[in-house]
Structures are given as structure tokens and as C-alpha cells.
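Structure record follows, encoded as C-alpha cells.
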Amino acid sequence: MLRTLHRIIFAGYPEFFIFLPARINCGKLLNPYAMRGTVYGFKGDSSQAISDLNKSIELKSDYGLVYRTRGAVYEGKGNYDQAIKDLTKAIELEPDDGLAYNFRGTVYEKQGKYNKANADFQKAKDLKK
């Protein structure tokens, strides 16, 4: 039933399911603000995405996934310092999250911090093994 609900809510946004399955399988359900904020992020409405993701963090601040998502939104806005901060927090909360390392590596690369970028890309690759 939960997967059906998510498919209805996120119809037209299949990319969102990259973020969702692990949380469903381990019983960590995202609150509605996190889910809606993610959809706003995919739609390109960064202001509304950040607003909802902030509310999500206020409700439950220990989901690395929400920080990763907000970091990706900040990266899309060109706010690289805030993106790094959020992605680092996501990694602190979920050290096995290869996507967070990959996203942070991308931001470091955009900042010209190639050594840090390569380290994060390698860590992401190692986590896939």
C-alpha cells in the first residue's frame, strides 16, 4: 500500500525512487515535508523544496537522506558552501550513503577542490563493492 501511495504522489517523477526504496525497506519512513520537498526539488522549485526540507529537519533531524536532498537542491542553486555542509551532515548520519559522497564530490569538483572530489568519488565507488 505504501509503495502504491508513493507512486500516486510521485507520478511523473520516477527519479524520486532513487531516494525512497531503502527507507521503505528498513522501516524509516520519510515525513510528508521530506517527500514533498523532494518533488519540488525535481520540479525545479528550489525555494519551496528548501522550505519543506527545512520543516522536515525540524521534525526529525536524523535522516541523512533529507540533508542529502537539501544539499542537492543547494548545489542546483549554486550555493556550494551550504551544499557541502548538508552533504557532510548526510554522511555523518549515514556513512554508507554512496550517493551523498558522490554528490559532495561533484560539488567539490565544481569548486575546483579536485583532491577532495576524487576522495569522495573513490569512497562512493568503494561503497558500491
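Starting from 1 in every chain, residues are counted up; chains themselves are A, B, ... following the order of the C-alpha cells, and ligands are numbered from 1 as listed.
When the distance limit is 8 Å and only C-alpha atoms are what count, the residues near region 70-76 of chain A, minus those fewer than 4 positions from it on the same chain, are A:Gly41, A:Ser46, A:Ala49, A:Ile50, A:Leu53, A:Val66, A:Tyr80, A:Gln82, A:Ala83, A:Ile84, A:Lys85, A:Asp86, A:Leu87, A:Phe103, A:Val107.
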Which residues, written as a PDB file with N, CA, C and O atoms, in the first residue's frame, have at least one atom at most 12 Å from Asp96 (chain A), with only C-alpha atoms counted and residues fewer than 4 positions away on the same chain left out?
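Below is the file that was written, selection.pdb:
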ATOM      1  N   GLY A  64      19.652  11.279   7.211  1.00  0.00           N
ATOM      2  CA  GLY A  64      20.671  11.752   6.288  1.00  0.00           C
ATOM      3  C   GLY A  64      20.122  12.026   4.907  1.00  0.00           C
ATOM      4  O   GLY A  64      20.575  12.932   4.212  1.00  0.00           O
ATOM      5  N   LEU A  65      19.133  11.244   4.525  1.00  0.00           N
ATOM      6  CA  LEU A  65      18.526  11.400   3.204  1.00  0.00           C
ATOM      7  C   LEU A  65      17.984  12.812   2.975  1.00  0.00           C
ATOM      8  O   LEU A  65      18.128  13.375   1.891  1.00  0.00           O
ATOM      9  N   ALA A  90      24.786  14.673   5.963  1.00  0.00           N
ATOM     10  CA  ALA A  90      24.178  13.423   5.487  1.00  0.00           C
ATOM     11  C   ALA A  90      25.146  12.263   5.669  1.00  0.00           C
ATOM     12  O   ALA A  90      24.745  11.172   6.108  1.00  0.00           O
ATOM     13  N   ILE A  91      26.408  12.487   5.366  1.00  0.00           N
ATOM     14  CA  ILE A  91      27.424  11.448   5.500  1.00  0.00           C
ATOM     15  C   ILE A  91      27.664  11.113   6.973  1.00  0.00           C
ATOM     16  O   ILE A  91      27.835   9.943   7.330  1.00  0.00           O
ATOM     17  N   GLU A  92      27.655  12.118   7.830  1.00  0.00           N
ATOM     18  CA  GLU A  92      27.802  11.859   9.270  1.00  0.00           C
ATOM     19  C   GLU A  92      26.679  10.963   9.777  1.00  0.00           C
ATOM     20  O   GLU A  92      26.911  10.060  10.578  1.00  0.00           O
ATOM     21  N   ALA A 100      25.557  10.319  -1.301  1.00  0.00           N
ATOM     22  CA  ALA A 100      25.959  11.561  -0.630  1.00  0.00           C
ATOM     23  C   ALA A 100      27.425  11.873  -0.931  1.00  0.00           C
ATOM     24  O   ALA A 100      27.777  13.029  -1.199  1.00  0.00           O
ATOM     25  N   TYR A 101      28.277  10.844  -0.900  1.00  0.00           N
ATOM     26  CA  TYR A 101      29.686  11.055  -1.259  1.00  0.00           C
ATOM     27  C   TYR A 101      29.809  11.506  -2.711  1.00  0.00           C
ATOM     28  O   TYR A 101      30.589  12.398  -3.037  1.00  0.00           O
ATOM     29  N   ASN A 102      29.042  10.890  -3.577  1.00  0.00           N
ATOM     30  CA  ASN A 102      29.106  11.248  -4.993  1.00  0.00           C
ATOM     31  C   ASN A 102      28.649  12.692  -5.225  1.00  0.00           C
ATOM     32  O   ASN A 102      29.298  13.449  -5.952  1.00  0.00           O
ATOM     33  N   ASP A 120      36.088  11.719  -2.451  1.00  0.00           N
ATOM     34  CA  ASP A 120      34.676  11.380  -2.311  1.00  0.00           C
ATOM     35  C   ASP A 120      34.207  10.424  -3.407  1.00  0.00           C
ATOM     36  O   ASP A 120      33.454   9.483  -3.140  1.00  0.00           O
ATOM     37  N   LYS A 123      35.426   7.021  -2.463  1.00  0.00           N
ATOM     38  CA  LYS A 123      34.641   6.465  -1.349  1.00  0.00           C
ATOM     39  C   LYS A 123      33.292   5.954  -1.865  1.00  0.00           C
ATOM     40  O   LYS A 123      32.838   4.871  -1.481  1.00  0.00           O
ATOM     41  N   ALA A 124      32.658   6.721  -2.728  1.00  0.00           N
ATOM     42  CA  ALA A 124      31.381   6.288  -3.314  1.00  0.00           C
ATOM     43  C   ALA A 124      31.550   4.988  -4.087  1.00  0.00           C
ATOM     44  O   ALA A 124      30.737   4.068  -3.973  1.00  0.00           O
ATOM     45  N   LYS A 125      32.642   4.904  -4.834  1.00  0.00           N
ATOM     46  CA  LYS A 125      32.924   3.693  -5.607  1.00  0.00           C
ATOM     47  C   LYS A 125      33.178   2.513  -4.676  1.00  0.00           C
ATOM     48  O   LYS A 125      32.675   1.404  -4.902  1.00  0.00           O
ATOM     49  N   ASP A 126      33.942   2.728  -3.620  1.00  0.00           N
ATOM     50  CA  ASP A 126      34.234   1.665  -2.650  1.00  0.00           C
ATOM     51  C   ASP A 126      32.965   1.157  -1.973  1.00  0.00           C
ATOM     52  O   ASP A 126      32.852  -0.038  -1.689  1.00  0.00           O
ATOM     53  N   LEU A 127      32.042   2.037  -1.719  1.00  0.00           N
ATOM     54  CA  LEU A 127      30.780   1.637  -1.063  1.00  0.00           C
ATOM     55  C   LEU A 127      29.906   0.786  -1.968  1.00  0.00           C
ATOM     56  O   LEU A 127      29.064   0.037  -1.478  1.00  0.00           O
ATOM     57  N   LYS A 128      30.104   0.888  -3.269  1.00  0.00           N
ATOM     58  CA  LYS A 128      29.321   0.066  -4.208  1.00  0.00           C
ATOM     59  C   LYS A 128      29.771  -1.379  -4.198  1.00  0.00           C
ATOM     60  O   LYS A 128      29.029  -2.257  -4.639  1.00  0.00           O
ATOM     61  N   LYS A 129      30.964  -1.639  -3.741  1.00  0.00           N
ATOM     62  CA  LYS A 129      31.522  -3.005  -3.786  1.00  0.00           C
ATOM     63  C   LYS A 129      30.871  -3.898  -2.763  1.00  0.00           C
ATOM     64  O   LYS A 129      30.370  -3.563  -1.768  1.00  0.00           O
TER      65      LYS A 129
END
Next on the checklist: List as a ChimeraX atom specification the protein and nucleic acid residues near Glu58 (chain A), meaning an atom at most 12 Å away when only C-alpha atoms are counted, but skip any in the same chain fewer than 5 places from it.
Outcome noted: /A:31,33-34,51-53,63,66-67
Write the residues you've just listed into a file as a CSV table (one decimal), in the first residue's frame, and include N, CA and C atoms for each of them.
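Now in selection_22.csv:
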chain,number,residue,atom,x,y,z
A,31,ASN,N,8.8,11.9,6.4
A,31,ASN,CA,7.6,12.6,6.7
A,31,ASN,C,7.2,13.3,5.4
A,33,TYR,N,6.8,16.4,4.6
A,33,TYR,CA,7.6,17.5,4.1
A,33,TYR,C,8.8,17.1,3.3
A,34,ALA,N,9.4,16.0,3.8
A,34,ALA,CA,10.6,15.5,3.1
A,34,ALA,C,10.2,15.0,1.7
A,51,SER,N,12.2,25.1,1.7
A,51,SER,CA,11.3,25.3,2.8
A,51,SER,C,10.7,24.0,3.4
A,52,ASP,N,10.3,23.1,2.5
A,52,ASP,CA,9.8,21.8,3.0
A,52,ASP,C,10.8,21.0,3.7
A,53,LEU,N,12.0,20.9,3.1
A,53,LEU,CA,13.1,20.1,3.7
A,53,LEU,C,13.5,20.7,5.0
A,63,TYR,N,17.7,12.1,9.7
A,63,TYR,CA,17.6,11.4,8.4
A,63,TYR,C,18.6,12.0,7.5
A,66,VAL,N,17.4,13.4,4.0
A,66,VAL,CA,16.8,14.7,3.8
A,66,VAL,C,18.0,15.8,3.7
A,67,TYR,N,19.0,15.6,4.4
A,67,TYR,CA,20.2,16.5,4.2
A,67,TYR,C,20.8,16.3,2.9
Next on the checklist: At a cut-off of 8 Å, using only C-alpha atoms, what residues contact Lys116 (chain A)? Leave out same-chain residues fewer than 5 positions from it and give the result as a PyMOL selection string.
Outcome noted: chain A and resi 105+108-109
